[in-house]
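Below: upload03.txt (compact mmCIF, C-alpha atoms)
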```
# COMPACT_ATOMS: atom_id res chain seq x y z
CA MET A 875 -14.55 40.09 114.55
CA SER A 876 -15.06 36.65 115.83
CA VAL A 877 -14.19 34.21 113.15
CA SER A 878 -15.82 30.93 112.88
CA VAL A 879 -16.20 27.82 114.84
CA GLY A 880 -13.95 25.58 112.85
CA THR A 881 -10.30 25.15 113.47
CA GLU A 882 -9.65 25.20 109.76
CA PRO A 883 -9.90 28.64 108.26
CA ARG A 884 -10.11 27.25 104.75
CA LEU A 885 -13.27 25.34 105.60
CA ALA A 886 -14.74 28.47 107.09
CA ALA A 887 -14.02 30.38 103.90
CA VAL A 888 -15.87 27.76 101.88
CA ALA A 889 -18.77 27.83 104.32
CA VAL A 890 -19.14 31.58 103.76
CA TRP A 891 -19.62 31.01 100.06
CA VAL A 892 -22.01 28.12 100.61
CA SER A 893 -24.02 30.41 102.87
CA THR A 894 -24.00 33.12 100.24
CA ALA A 895 -25.41 30.74 97.66
CA ALA A 896 -27.97 29.32 100.10
CA ARG A 897 -29.13 32.81 101.05
CA LEU A 898 -29.51 33.99 97.46
CA VAL A 899 -31.28 30.83 96.28
CA LEU A 900 -33.69 30.74 99.22
CA GLY A 901 -34.35 34.47 98.92
CA ALA A 902 -35.02 34.31 95.18
CA VAL A 903 -37.35 31.32 95.57
CA PHE A 904 -39.35 33.06 98.28
CA LEU A 905 -39.54 36.29 96.32
CA ILE A 906 -40.73 34.56 93.13
CA ALA A 907 -43.17 32.25 94.93
CA GLY A 908 -44.64 35.15 96.91
CA GLY A 909 -44.79 37.45 93.91
CA LEU A 910 -46.64 34.95 91.73
CA LYS A 911 -49.17 34.35 94.48
CA ALA A 912 -49.62 38.01 95.35
CA ILE A 913 -50.47 38.86 91.75
CA ASP A 914 -53.30 36.34 91.67
CA SER A 915 -54.83 36.61 95.12
CA GLN A 916 -57.93 34.73 94.05
CA SER A 917 -55.88 31.65 93.25
CA SER A 918 -53.89 32.08 96.41
CA VAL A 919 -57.04 32.02 98.55
CA THR A 920 -58.39 29.07 96.57
CA ALA A 921 -55.11 27.22 97.09
CA VAL A 922 -55.20 27.77 100.85
CA ARG A 923 -58.85 26.75 100.98
CA ALA A 924 -58.13 23.54 99.08
CA TYR A 925 -56.03 22.25 101.99
CA ARG A 926 -59.22 22.31 104.10
CA LEU A 927 -57.24 23.12 107.19
CA LEU A 928 -58.55 26.60 107.96
CA PRO A 929 -62.01 28.10 108.35
CA SER A 930 -63.10 30.13 105.37
CA SER A 931 -62.42 33.64 106.68
CA LEU A 932 -59.00 32.68 108.02
CA ALA A 933 -58.15 31.00 104.71
CA THR A 934 -58.85 34.31 102.98
CA ILE A 935 -56.54 36.24 105.30
CA VAL A 936 -53.78 33.64 104.92
CA GLY A 937 -54.27 33.56 101.16
CA TRP A 938 -53.81 37.31 101.06
CA GLY A 939 -51.07 37.67 103.68
CA LEU A 940 -48.86 34.63 103.17
CA PRO A 941 -47.51 35.72 99.76
CA PHE A 942 -46.39 39.00 101.28
CA ALA A 943 -44.69 37.19 104.17
CA GLU A 944 -42.75 35.24 101.56
CA ILE A 945 -41.91 38.44 99.68
CA ALA A 946 -40.67 40.09 102.89
CA LEU A 947 -38.53 37.08 103.84
CA GLY A 948 -37.21 36.87 100.27
CA LEU A 949 -36.19 40.53 100.23
CA LEU A 950 -34.49 40.28 103.63
CA LEU A 951 -32.62 37.16 102.58
CA LEU A 952 -31.46 38.72 99.33
CA ALA A 953 -30.34 41.81 101.22
CA GLY A 954 -28.67 39.65 103.84
CA ILE A 955 -30.16 41.44 106.80
CA ALA A 956 -30.41 39.56 110.10
CA THR A 957 -29.79 36.38 108.21
CA ARG A 958 -29.96 33.98 111.13
CA VAL A 959 -33.31 35.29 112.39
CA ILE A 960 -34.80 35.26 108.90
CA ALA A 961 -33.42 31.79 108.28
CA VAL A 962 -35.18 30.56 111.43
CA ALA A 963 -38.44 32.14 110.24
CA SER A 964 -37.95 30.60 106.78
CA ALA A 965 -37.34 27.17 108.28
CA VAL A 966 -40.50 27.44 110.37
CA LEU A 967 -42.51 28.51 107.33
CA LEU A 968 -41.12 25.65 105.24
CA LEU A 969 -41.92 23.15 108.00
CA ILE A 970 -45.51 24.41 107.95
CA PHE A 971 -45.61 24.01 104.15
CA ILE A 972 -44.24 20.48 104.37
CA ALA A 973 -46.73 19.54 107.10
CA ALA A 974 -49.61 21.01 105.08
CA VAL A 975 -48.68 19.15 101.90
CA ALA A 976 -48.08 15.93 103.83
CA SER A 977 -51.46 16.25 105.52
CA ALA A 978 -53.15 16.85 102.18
CA ALA A 979 -51.50 13.70 100.86
CA ALA A 980 -52.39 11.72 103.98
CA ARG A 981 -56.03 12.80 103.80
CA GLY A 982 -56.21 11.74 100.16
CA LEU A 983 -56.99 15.22 98.85
CA SER A 984 -56.27 15.88 95.18
CA ILE A 985 -54.75 19.33 95.22
CA ASP A 986 -51.87 21.26 93.79
CA CYS A 987 -49.71 22.74 96.56
CA GLY A 988 -50.08 26.20 95.06
CA CYS A 989 -46.45 26.78 95.99
CA PHE A 990 -45.76 29.02 93.01
CA GLY A 991 -49.23 30.35 92.31
CA GLY A 992 -52.06 28.28 90.96
CA GLY A 993 -53.18 25.60 93.34
CA GLY A 994 -56.53 24.21 94.28
CA GLU A 995 -58.16 20.98 93.26
CA VAL A 996 -56.61 18.85 90.55
CA ALA A 997 -57.78 15.62 89.02
CA PRO A 998 -56.97 12.56 91.10
CA GLY A 999 -53.69 11.14 89.87
CA GLN A 1000 -52.42 14.59 88.93
CA THR A 1001 -51.00 15.31 92.36
CA ALA A 1002 -47.27 15.77 92.84
CA TYR A 1003 -46.93 15.59 96.61
CA GLY A 1004 -43.62 13.72 96.46
CA ILE A 1005 -41.87 16.32 94.34
CA GLU A 1006 -43.42 19.18 96.28
CA ILE A 1007 -42.21 17.78 99.59
CA VAL A 1008 -38.72 16.99 98.28
CA ARG A 1009 -38.44 20.56 96.99
CA ASP A 1010 -39.54 22.00 100.30
CA VAL A 1011 -37.15 19.75 102.22
CA GLY A 1012 -34.33 20.94 99.97
CA LEU A 1013 -35.20 24.55 100.76
CA LEU A 1014 -35.50 23.65 104.44
CA LEU A 1015 -31.93 22.32 104.36
CA LEU A 1016 -30.75 25.65 102.93
CA ALA A 1017 -32.56 27.47 105.72
CA VAL A 1018 -31.11 25.20 108.40
CA TRP A 1019 -27.64 25.70 106.96
CA LEU A 1020 -28.13 29.45 107.23
CA VAL A 1021 -29.24 29.15 110.84
CA TRP A 1022 -26.00 27.30 111.51
CA ARG A 1023 -23.76 29.46 109.32
CA PRO A 1024 -25.47 32.80 108.74
CA ARG A 1025 -22.36 34.68 107.72
CA SER A 1026 -22.08 35.25 103.98
CA ARG A 1027 -20.84 37.67 101.34
CA PHE A 1028 -22.67 40.56 99.70
CA THR A 1029 -24.86 41.50 102.64
CA LEU A 1030 -26.29 44.84 103.64
CA ASP A 1031 -25.60 44.17 107.29
CA ARG A 1032 -22.15 45.63 107.02
CA LEU A 1033 -23.19 48.55 104.87
CA SER A 1034 -25.83 49.57 107.37
CA GLY A 1035 -23.17 49.71 110.06
CA ALA A 1036 -24.92 47.15 112.15
CA ARG A 1037 -22.67 44.39 113.26
CA PRO A 1038 -23.33 41.25 111.31
CA GLU A 1039 -25.21 38.91 113.55
CA THR A 1040 -23.08 35.93 112.92
CA GLN A 1041 -22.27 32.89 114.85
CA GLU A 1042 -20.65 33.54 118.19
CA SER A 1043 -17.87 31.10 118.81
CA PRO A 1044 -19.32 28.47 121.05
CA MET B 10 7.12 53.96 128.02
CA SER B 11 4.76 52.04 130.18
CA ASN B 12 3.74 48.64 129.17
CA PRO B 13 0.20 48.79 127.77
CA LYS B 14 -0.34 45.22 128.76
CA ASN B 15 0.25 46.14 132.31
CA LEU B 16 -1.92 49.12 132.19
CA ASN B 17 -4.91 47.37 130.96
CA ALA B 18 -5.74 43.89 131.92
CA ARG B 19 -8.81 45.11 133.76
CA GLU B 20 -9.50 47.95 131.37
CA ARG B 21 -9.59 45.59 128.46
CA THR B 22 -12.03 43.24 130.11
CA ARG B 23 -14.28 46.21 130.72
CA LEU B 24 -14.01 47.34 127.11
CA ALA B 25 -14.79 43.88 125.82
CA ALA B 26 -17.85 43.65 128.02
CA GLU B 27 -19.01 47.05 126.79
CA GLN B 28 -18.54 46.02 123.21
CA ALA B 29 -20.47 42.84 123.76
CA ALA B 30 -23.31 44.79 125.31
CA ALA B 31 -23.32 47.22 122.40
CA ARG B 32 -23.37 44.38 119.94
CA LYS B 33 -26.31 42.81 121.73
CA ARG B 34 -28.19 46.09 121.70
CA ASP B 35 -27.53 46.57 117.98
CA GLN B 36 -28.76 43.08 117.35
CA ARG B 37 -31.94 43.64 119.29
CA ILE B 38 -32.65 46.84 117.38
CA LEU B 39 -31.95 45.12 114.09
CA ILE B 40 -34.29 42.26 114.91
CA SER B 41 -37.06 44.66 115.96
CA VAL B 42 -36.69 46.56 112.71
CA VAL B 43 -36.77 43.34 110.72
CA VAL B 44 -39.86 42.05 112.53
CA ALA B 45 -41.59 45.40 112.05
CA PHE B 46 -40.73 45.29 108.35
CA VAL B 47 -42.24 41.83 107.90
CA VAL B 48 -45.38 42.73 109.84
CA LEU B 49 -45.83 45.94 107.83
CA VAL B 50 -45.38 44.18 104.48
CA VAL B 51 -47.87 41.45 105.42
CA ALA B 52 -50.44 43.89 106.85
CA GLY B 53 -50.03 46.14 103.81
CA GLY B 54 -50.46 43.15 101.55
CA ILE B 55 -53.68 42.08 103.25
CA VAL B 56 -55.09 45.60 103.05
CA PHE B 57 -54.11 45.81 99.39
CA GLN B 58 -55.77 42.50 98.51
CA ALA B 59 -58.88 43.43 100.49
CA TRP B 60 -59.06 46.62 98.45
CA ARG B 61 -58.63 44.67 95.22
CA THR B 62 -61.63 42.47 96.02
CA SER B 63 -63.90 45.19 97.36
CA ARG B 64 -63.46 47.90 94.72
CA ALA B 65 -66.13 48.61 92.12
CA PRO B 66 -66.23 46.39 89.04
CA SER B 67 -64.70 47.82 85.91
CA ALA B 68 -66.53 47.94 82.63
CA ALA B 69 -67.06 44.57 81.03
CA PRO B 70 -66.38 43.58 77.44
CA PRO B 71 -69.43 44.29 75.30
CA ALA B 72 -71.78 41.39 74.64
CA THR B 73 -73.24 41.41 71.17
CA VAL B 74 -75.24 38.25 71.69
CA SER B 75 -78.82 39.33 71.92
CA ALA B 76 -80.51 37.72 74.83
CA SER B 77 -84.13 37.49 75.69
CA PRO B 78 -85.23 36.99 79.26
CA VAL B 79 -85.13 33.36 80.33
CA THR B 80 -87.01 31.47 82.98
CA ILE B 81 -84.98 29.98 85.77
CA THR B 82 -85.97 26.41 86.57
CA ASN B 83 -84.40 24.34 89.31
CA GLY B 84 -81.93 21.82 87.92
CA ARG B 85 -81.97 23.45 84.48
CA PRO B 86 -78.98 25.45 83.15
CA ILE B 87 -79.14 29.03 81.88
CA PRO B 88 -79.40 29.11 78.05
CA LEU B 89 -77.32 31.82 76.39
CA GLY B 90 -77.65 32.36 72.67
CA SER B 91 -80.03 31.24 69.94
CA ALA B 92 -82.28 28.32 70.81
CA ASP B 93 -82.03 27.12 67.17
CA ALA B 94 -78.25 26.84 67.18
CA PRO B 95 -77.14 23.39 65.99
CA VAL B 96 -74.40 23.03 68.59
CA THR B 97 -74.85 23.09 72.34
CA ILE B 98 -71.86 24.00 74.47
CA THR B 99 -72.41 23.00 78.08
CA LEU B 100 -70.28 24.82 80.63
CA TYR B 101 -69.84 24.07 84.32
CA GLU B 102 -68.10 26.99 85.94
CA ASP B 103 -67.71 28.64 89.30
CA PHE B 104 -67.40 32.42 89.03
CA HIS B 105 -64.65 32.32 91.66
CA CYS B 106 -62.67 29.43 90.26
CA PRO B 107 -59.35 30.76 88.96
CA HIS B 108 -59.08 28.11 86.26
CA CYS B 109 -62.52 29.13 85.01
CA ALA B 110 -61.34 32.71 84.66
CA ASP B 111 -58.31 31.48 82.73
CA PHE B 112 -60.58 29.32 80.57
CA GLU B 113 -62.85 32.27 79.92
CA GLU B 114 -59.93 34.49 78.98
CA GLN B 115 -58.57 31.91 76.56
CA PHE B 116 -61.73 30.48 75.02
CA GLY B 117 -64.44 33.01 75.85
CA PRO B 118 -63.97 34.98 72.61
CA THR B 119 -64.23 31.83 70.48
CA ILE B 120 -67.38 30.73 72.27
CA SER B 121 -68.92 34.21 72.05
CA GLN B 122 -68.21 34.27 68.33
CA ALA B 123 -69.98 30.94 67.85
CA GLN B 124 -72.94 32.27 69.83
CA GLU B 125 -73.06 35.45 67.75
CA SER B 126 -72.95 33.62 64.44
CA GLY B 127 -75.76 31.37 65.60
CA ALA B 128 -73.55 28.30 65.35
CA ALA B 129 -73.72 27.46 69.01
CA ARG B 130 -75.59 28.18 72.16
CA VAL B 131 -74.30 27.87 75.68
CA GLU B 132 -75.97 26.02 78.50
CA LEU B 133 -74.46 27.39 81.65
CA TYR B 134 -74.31 25.56 84.95
CA PRO B 135 -72.91 28.12 87.39
CA MET B 136 -71.55 26.13 90.29
CA ALA B 137 -70.90 27.49 93.73
CA PHE B 138 -68.37 25.61 95.80
CA ILE B 139 -65.43 27.96 96.23
CA ASP B 140 -66.77 30.57 98.59
CA GLU B 141 -69.65 32.86 99.49
CA GLY B 142 -68.91 35.00 96.43
CA SER B 143 -69.47 32.00 94.17
CA VAL B 144 -72.98 31.71 95.58
CA THR B 145 -73.88 35.39 95.32
CA ALA B 146 -72.47 35.59 91.80
CA ALA B 147 -74.35 32.48 90.62
CA ASN B 148 -77.56 33.85 92.09
CA ALA B 149 -77.00 37.24 90.44
CA MET B 150 -76.23 35.51 87.15
CA ALA B 151 -79.66 33.90 87.29
CA CYS B 152 -81.24 37.28 88.12
CA ALA B 153 -79.47 38.85 85.13
CA ALA B 154 -80.55 36.09 82.75
CA GLU B 155 -84.10 36.52 83.96
CA ALA B 156 -83.83 40.25 83.30
CA GLY B 157 -82.49 39.65 79.80
CA PHE B 158 -78.84 40.63 80.06
CA GLY B 159 -77.41 37.27 81.01
CA GLN B 160 -74.66 37.11 78.38
CA ALA B 161 -73.29 40.55 79.17
CA TYR B 162 -73.42 39.82 82.88
CA TYR B 163 -71.63 36.52 82.40
CA LEU B 164 -68.73 38.24 80.62
CA GLY B 165 -68.70 40.95 83.27
CA LEU B 166 -68.51 38.45 86.13
CA PHE B 167 -65.44 36.80 84.64
CA ALA B 168 -63.83 40.05 83.58
CA ASN B 169 -63.97 41.06 87.26
CA HIS B 170 -63.41 37.65 88.82
CA THR B 171 -61.07 38.95 91.51
CA LEU B 172 -63.90 40.81 93.23
CA GLN B 173 -65.54 39.24 96.25
CA TRP B 174 -69.08 39.86 94.86
CA SER B 175 -70.91 41.75 97.52
CA ASP B 176 -74.45 42.88 96.70
CA PRO B 177 -73.38 46.45 95.81
CA GLN B 178 -70.69 45.10 93.46
CA LEU B 179 -73.16 42.77 91.77
CA ILE B 180 -75.66 45.59 91.29
CA ASP B 181 -72.94 47.95 90.14
CA LEU B 182 -71.86 45.37 87.56
CA ALA B 183 -75.41 45.18 86.21
CA ALA B 184 -75.41 48.94 85.73
CA LYS B 185 -72.07 48.76 83.92
CA VAL B 186 -72.94 45.92 81.55
CA ALA B 187 -76.50 47.03 80.84
CA GLY B 188 -75.53 50.67 80.47
CA SER B 189 -78.37 51.80 82.69
CA PRO B 190 -79.30 51.41 86.34
CA PRO B 191 -80.79 47.96 86.94
CA SER B 192 -84.43 47.52 87.79
CA ASP B 193 -85.65 47.22 91.34
CA ALA B 194 -86.68 43.67 90.54
CA PHE B 195 -83.07 42.82 89.72
CA LYS B 196 -81.78 44.47 92.89
CA THR B 197 -84.28 42.61 95.03
CA CYS B 198 -83.44 39.38 93.24
CA VAL B 199 -79.75 39.88 94.09
CA MET B 200 -80.21 41.03 97.67
CA ARG B 201 -82.81 38.43 98.62
CA ARG B 202 -80.88 35.58 96.96
CA ALA B 203 -84.04 34.84 95.06
CA HIS B 204 -82.45 31.89 93.25
CA ALA B 205 -80.65 30.32 96.19
CA ASP B 206 -82.48 27.03 95.67
CA TRP B 207 -81.63 27.05 92.00
CA VAL B 208 -77.92 27.61 92.85
CA THR B 209 -78.06 24.55 95.11
CA SER B 210 -79.77 22.62 92.35
CA MET B 211 -76.90 23.47 89.99
CA ASN B 212 -74.38 21.81 92.31
CA ALA B 213 -76.65 18.80 92.59
CA ALA B 214 -77.09 18.64 88.81
CA ALA B 215 -73.33 18.75 88.31
CA ASP B 216 -72.92 15.92 90.78
CA GLN B 217 -75.56 13.95 89.02
CA ASN B 218 -73.90 14.51 85.65
CA GLY B 219 -70.59 13.29 87.01
CA VAL B 220 -68.87 16.67 86.83
CA THR B 221 -66.05 16.73 89.34
CA GLN B 222 -64.15 19.85 88.42
CA THR B 223 -64.58 23.28 86.96
CA PRO B 224 -64.32 24.34 84.28
CA THR B 225 -65.92 21.43 82.46
CA MET B 226 -67.07 21.82 78.87
CA LEU B 227 -69.20 19.50 76.76
CA ILE B 228 -69.96 19.95 73.09
CA ASN B 229 -73.23 18.32 72.12
CA GLY B 230 -73.00 16.26 75.29
CA LYS B 231 -69.42 15.08 74.70
CA ASN B 232 -66.76 15.95 77.25
CA VAL B 233 -63.94 18.10 75.86
CA ASP B 234 -60.38 17.55 77.05
CA LEU B 235 -59.32 21.05 78.08
CA ALA B 236 -55.67 20.19 78.62
CA SER B 237 -54.92 19.97 74.91
CA LEU B 238 -57.50 22.51 73.73
CA THR B 239 -56.57 25.60 71.75
CA PRO B 240 -58.91 28.31 70.47
CA ASP B 241 -58.41 26.96 66.93
CA SER B 242 -59.14 23.36 67.85
CA LEU B 243 -62.23 24.54 69.73
CA LYS B 244 -63.39 26.42 66.65
CA ALA B 245 -62.89 23.28 64.56
CA MET B 246 -64.79 21.17 67.07
CA ILE B 247 -67.75 23.53 66.95
CA THR B 248 -67.74 23.51 63.14
CA ASN B 249 -67.53 19.71 63.07
CA ALA B 250 -70.31 19.35 65.60
CA ALA B 251 -72.52 21.65 63.53
CA GLN B 252 -72.09 19.49 60.42
CA LYS B 253 -73.14 16.27 62.08
```
Could you express the structure from this file as structure tokens?
Amino acid sequence: MSVSVGTEPRLAAVAVWVSTAARLVLGAVFLIAGGLKAIDSQSSVTAVRAYRLLPSSLATIVGWGLPFAEIALGLLLLAGIATRVIAVASAVLLLIFIAAVASAAARGLSIDCGCFGGGGEVAPGQTAYGIEIVRDVGLLLLAVWLVWRPRSRFTLDRLSGARPETQESP
Amino acid sequence: MSNPKNLNARERTRLAAEQAAARKRDQRILISVVVAFVVLVVAGGIVFQAWRTSRAPSAAPPATVSASPVTITNGRPIPLGSADAPVTITLYEDFHCPHCADFEEQFGPTISQAQESGAARVELYPMAFIDEGSVTAANAMACAAEAGFGQAYYLGLFANHTLQWSDPQLIDLAAKVAGSPPSDAFKTCVMRRAHADWVTSMNAAADQNGVTQTPTMLINGKNVDLASLTPDSLKAMITNAAQK
């Protein structure tokens, strides 16, 4: 097995545990956020619509489908399957979330991001764009870390017999 | 014994290359499986949610508030409950607004009770800004009030708020809440959007009255802060308003 980039094995060992934590946290957040939205699809559609970025029919499809995309990514992250690929997908998704919230803020909309269910219009002055973006950037950092260091503990990759798709030494 | 190093400089290169190729192939298979999994989950989710919004409405909670047929007038809300009630509760709601459904779940029973006891009557402004279903539901609500089962229909609409409100669903709901197949007049009213102008006038009236969000509730014309409201405090407010 190709062991990691670094010259210091101790650092690599720490990185594996950091990756494990990043994978579990990101996976759990996605699973919870997706689950809450999937339960209340009406709110989910309303939340997507409130961004006023998509035409009505597309907003409905996204409102229905997006929570399940999050659930799928969350499950795969928790299982530790194809971590690097899933981390890339997660990072892309989080970038889209950040861009959407930023655009809502820039356009002066008064909405809740609907990140964990709920969402839609809120009273002006009740927005929390700053916190929402900081949270998403934090999650984005976890995803980027996993793209860089996908190898972690407690994954199904090894169980399934597939070789862990880990970093090749550069 | 021959020296294995000797034997295999070339052999080992070949083996390594083979292993690398195998690893690549495994990876490609794994990625395909993962992509297929995500696509399947998302597609399944969309189909599931579509089913949830297009199924038939379930039975609604019974409405014990007797209702006589009302006349629908542009710009005027739907009255629900006794005209002599001392307290007027004004409600601005969109039948597809999730917060309205939450509001209805939390406070609906208290309001219904006040209507039943004759303490309060509701003036309903059904707004329609969320989607097409908001419009069809608001129109059908007016049809139902006109036909004399407005209160029951109102409860039924919120009890089934996740439905998209196609014409068949709206007609089906009328059958469920009224306990008998709805009249042809009702069906025509729903299908022809007979009260489309009235629905538009509701949005305009809300604008005019400075209502910027749903749900909005006023008791005897005074705005109620919903953030701190509990069913008990609502009950107290209605009692207080009745004594003034």
Find the residues around Ala963 (chain A) up to 12 Å (all atoms listed in the file counted), leave out those fewer than 2 positions away in its own chain, and share them as a list in words. Ala943, Glu944, Ala946, Leu947, Gly948, Leu950, Leu951, Ala956, Thr957, Arg958, Val959, Ile960, Ala961, Ala965, Val966, Leu967, Leu968, Leu969, Ile970, Leu1014, Ala1017, Val1018, Leu1020 and Val1021 of chain A; Ile40, Val43, Val44 and Val47 of chain B
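Closest approach to chain A among B:Phe116, B:Tyr163, B:Tyr101, B:Phe138: B:Phe138, based on all atoms listed in the file.
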Quick one: residues within 9 Å of Val199 (chain B), only C-alpha atoms, excluding same-chain residues fewer than 4 positions away - as a PyMOL selection string? chain B and resi 145-146+148-150+152+176+179-180+194-195+203-204
Take the residues that were just selected and, keeping C-alpha atoms, output them as a PDB file, in the frame of the given file.
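Written output follows (part_28.pdb):
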```pdb
ATOM      1  CA  THR B 145     -73.880  35.390  95.320  1.00  0.00           C
ATOM      2  CA  ALA B 146     -72.470  35.590  91.800  1.00  0.00           C
ATOM      3  CA  ASN B 148     -77.560  33.850  92.090  1.00  0.00           C
ATOM      4  CA  ALA B 149     -77.000  37.240  90.440  1.00  0.00           C
ATOM      5  CA  MET B 150     -76.230  35.510  87.150  1.00  0.00           C
ATOM      6  CA  CYS B 152     -81.240  37.280  88.120  1.00  0.00           C
ATOM      7  CA  ASP B 176     -74.450  42.880  96.700  1.00  0.00           C
ATOM      8  CA  LEU B 179     -73.160  42.770  91.770  1.00  0.00           C
ATOM      9  CA  ILE B 180     -75.660  45.590  91.290  1.00  0.00           C
ATOM     10  CA  ALA B 194     -86.680  43.670  90.540  1.00  0.00           C
ATOM     11  CA  PHE B 195     -83.070  42.820  89.720  1.00  0.00           C
ATOM     12  CA  ALA B 203     -84.040  34.840  95.060  1.00  0.00           C
ATOM     13  CA  HIS B 204     -82.450  31.890  93.250  1.00  0.00           C
TER      14      HIS B 204
END
```
Distance criterion (all atoms listed in the file): nearest to chain B out of A:Ile985, A:Ile955, A:Leu1030, A:Val922: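 Using all atoms listed in the file, chain B sits closest to A:Ile955.
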Using all atoms listed in the file, which chain A residues lie at most 6 Å away from chain B, written as number ranges by chain? A: 916-917, 938-939, 942-943, 946
Would you kindly return, as a PyMOL selection string, each protein, DNA or RNA residue with an atom no farther than 12 Å from any atom of region 210-212 of chain B, considering only C-alpha atoms and excluding same-chain residues fewer than 6 positions away? chain B and resi 81-87+100-103+132-139+143-144+147-148+151+204+218-223
Might I get the box with edges along x, y and z of the file that holds all atoms of region 87-98 of chain B listed there, padded by 6 Å on every side, given as centre and edge lengths in Å to one decimal, as JSON?
```
{"center_x": -77.1, "center_y": 27.7, "center_z": 73.9, "size_x": 22.4, "size_y": 21.3, "size_z": 27.9}
```
Between CA of Val1008 (chain A) and CA of Ile935 (chain A), distance in Å (one decimal):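 Atom-to-atom, CA of Val1008 (chain A) to CA of Ile935 (chain A), that is 27.2 Å.
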In Å to one decimal, how far is CA of Ala912 (chain A) from CA of Phe990 (chain A)?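 According to the coordinates, CA of Phe990 (chain A) and CA of Ala912 (chain A) are separated by 10.1 Å.
Taking CA of Arg923 (chain A) and CA of Cys987 (chain A) as the two end points, the separation is 10.9 Å.
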Top pick for closest residue to Leu900 (chain A), considering A:Gly999, A:Gly954, A:Gly1004, A:Gly982 and counting all atoms listed in the file: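 When distances to Leu900 (chain A) are compared using all atoms listed in the file, the smallest one comes from A:Gly954.
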Counting only C-alpha atoms, the option among A:Leu905, A:Ala933, A:Gln1000, A:Val1011 closest to Phe971 (chain A): A:Val1011
Please determine, counting all atoms listed in the file, which residue among B:Ser77, B:Ser41, B:Gln252, B:Thr22 has the shortest atom-to-atom distance to Gly159 (chain B).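 Ranking B:Ser77, B:Ser41, B:Gln252, B:Thr22 by distance to Gly159 (chain B), first place goes to B:Ser77.
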For Gly90 (chain B), work out the shell of residues within 10 Å, counting only C-alpha atoms and skipping chain neighbours fewer than 4 positions away, then give it as an MDAnalysis selection string. chainID B and resid 74:77 94 97 121 123:132 159:160
Write to file, as a PDB file, in the frame of the given file, the residues of the selection just made, with C-alpha atoms.
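Done, and the output landed in again_34.pdb:
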```pdb
ATOM      1  CA  VAL B  74     -75.240  38.250  71.690  1.00  0.00           C
ATOM      2  CA  SER B  75     -78.820  39.330  71.920  1.00  0.00           C
ATOM      3  CA  ALA B  76     -80.510  37.720  74.830  1.00  0.00           C
ATOM      4  CA  SER B  77     -84.130  37.490  75.690  1.00  0.00           C
ATOM      5  CA  ALA B  94     -78.250  26.840  67.180  1.00  0.00           C
ATOM      6  CA  THR B  97     -74.850  23.090  72.340  1.00  0.00           C
ATOM      7  CA  SER B 121     -68.920  34.210  72.050  1.00  0.00           C
ATOM      8  CA  ALA B 123     -69.980  30.940  67.850  1.00  0.00           C
ATOM      9  CA  GLN B 124     -72.940  32.270  69.830  1.00  0.00           C
ATOM     10  CA  GLU B 125     -73.060  35.450  67.750  1.00  0.00           C
ATOM     11  CA  SER B 126     -72.950  33.620  64.440  1.00  0.00           C
ATOM     12  CA  GLY B 127     -75.760  31.370  65.600  1.00  0.00           C
ATOM     13  CA  ALA B 128     -73.550  28.300  65.350  1.00  0.00           C
ATOM     14  CA  ALA B 129     -73.720  27.460  69.010  1.00  0.00           C
ATOM     15  CA  ARG B 130     -75.590  28.180  72.160  1.00  0.00           C
ATOM     16  CA  VAL B 131     -74.300  27.870  75.680  1.00  0.00           C
ATOM     17  CA  GLU B 132     -75.970  26.020  78.500  1.00  0.00           C
ATOM     18  CA  GLY B 159     -77.410  37.270  81.010  1.00  0.00           C
ATOM     19  CA  GLN B 160     -74.660  37.110  78.380  1.00  0.00           C
TER      20      GLN B 160
END
```
Residue contacts of Ala236 (chain B) (12 Å, all atoms listed in the file) excluding same-chain residues fewer than 2 positions away, as an NGL selection string: (:A and (997)) or (:B and (108 or 112 or 224-226 or 232-234 or 238-240 or 242-243))
Kindly complete region 908-915 of chain A to N, CA and C atoms; the output should be written as a short mmCIF file (atom, residue, chain, number, x, y, z; two decimals), in the frame of the given file.
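This is the output file result.cif:
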```cif
data_model
loop_
_atom_site.label_atom_id
_atom_site.label_comp_id
_atom_site.auth_asym_id
_atom_site.auth_seq_id
_atom_site.Cartn_x
_atom_site.Cartn_y
_atom_site.Cartn_z
N GLY A 908 -43.72 34.17 96.32
CA GLY A 908 -44.64 35.15 96.91
C GLY A 908 -45.21 36.08 95.86
N GLY A 909 -44.35 36.51 94.95
CA GLY A 909 -44.79 37.45 93.91
C GLY A 909 -45.88 36.84 93.04
N LEU A 910 -45.65 35.60 92.59
CA LEU A 910 -46.64 34.95 91.73
C LEU A 910 -47.97 34.82 92.44
N LYS A 911 -47.93 34.52 93.74
CA LYS A 911 -49.17 34.35 94.48
C LYS A 911 -49.86 35.68 94.76
N ALA A 912 -49.04 36.71 95.01
CA ALA A 912 -49.62 38.01 95.35
C ALA A 912 -50.35 38.61 94.14
N ILE A 913 -49.84 38.34 92.95
CA ILE A 913 -50.47 38.86 91.75
C ILE A 913 -51.87 38.30 91.60
N ASP A 914 -52.01 36.99 91.84
CA ASP A 914 -53.30 36.34 91.67
C ASP A 914 -53.85 35.92 93.04
N SER A 915 -54.40 36.88 93.75
CA SER A 915 -54.83 36.61 95.12
C SER A 915 -55.99 35.63 95.17
#
```
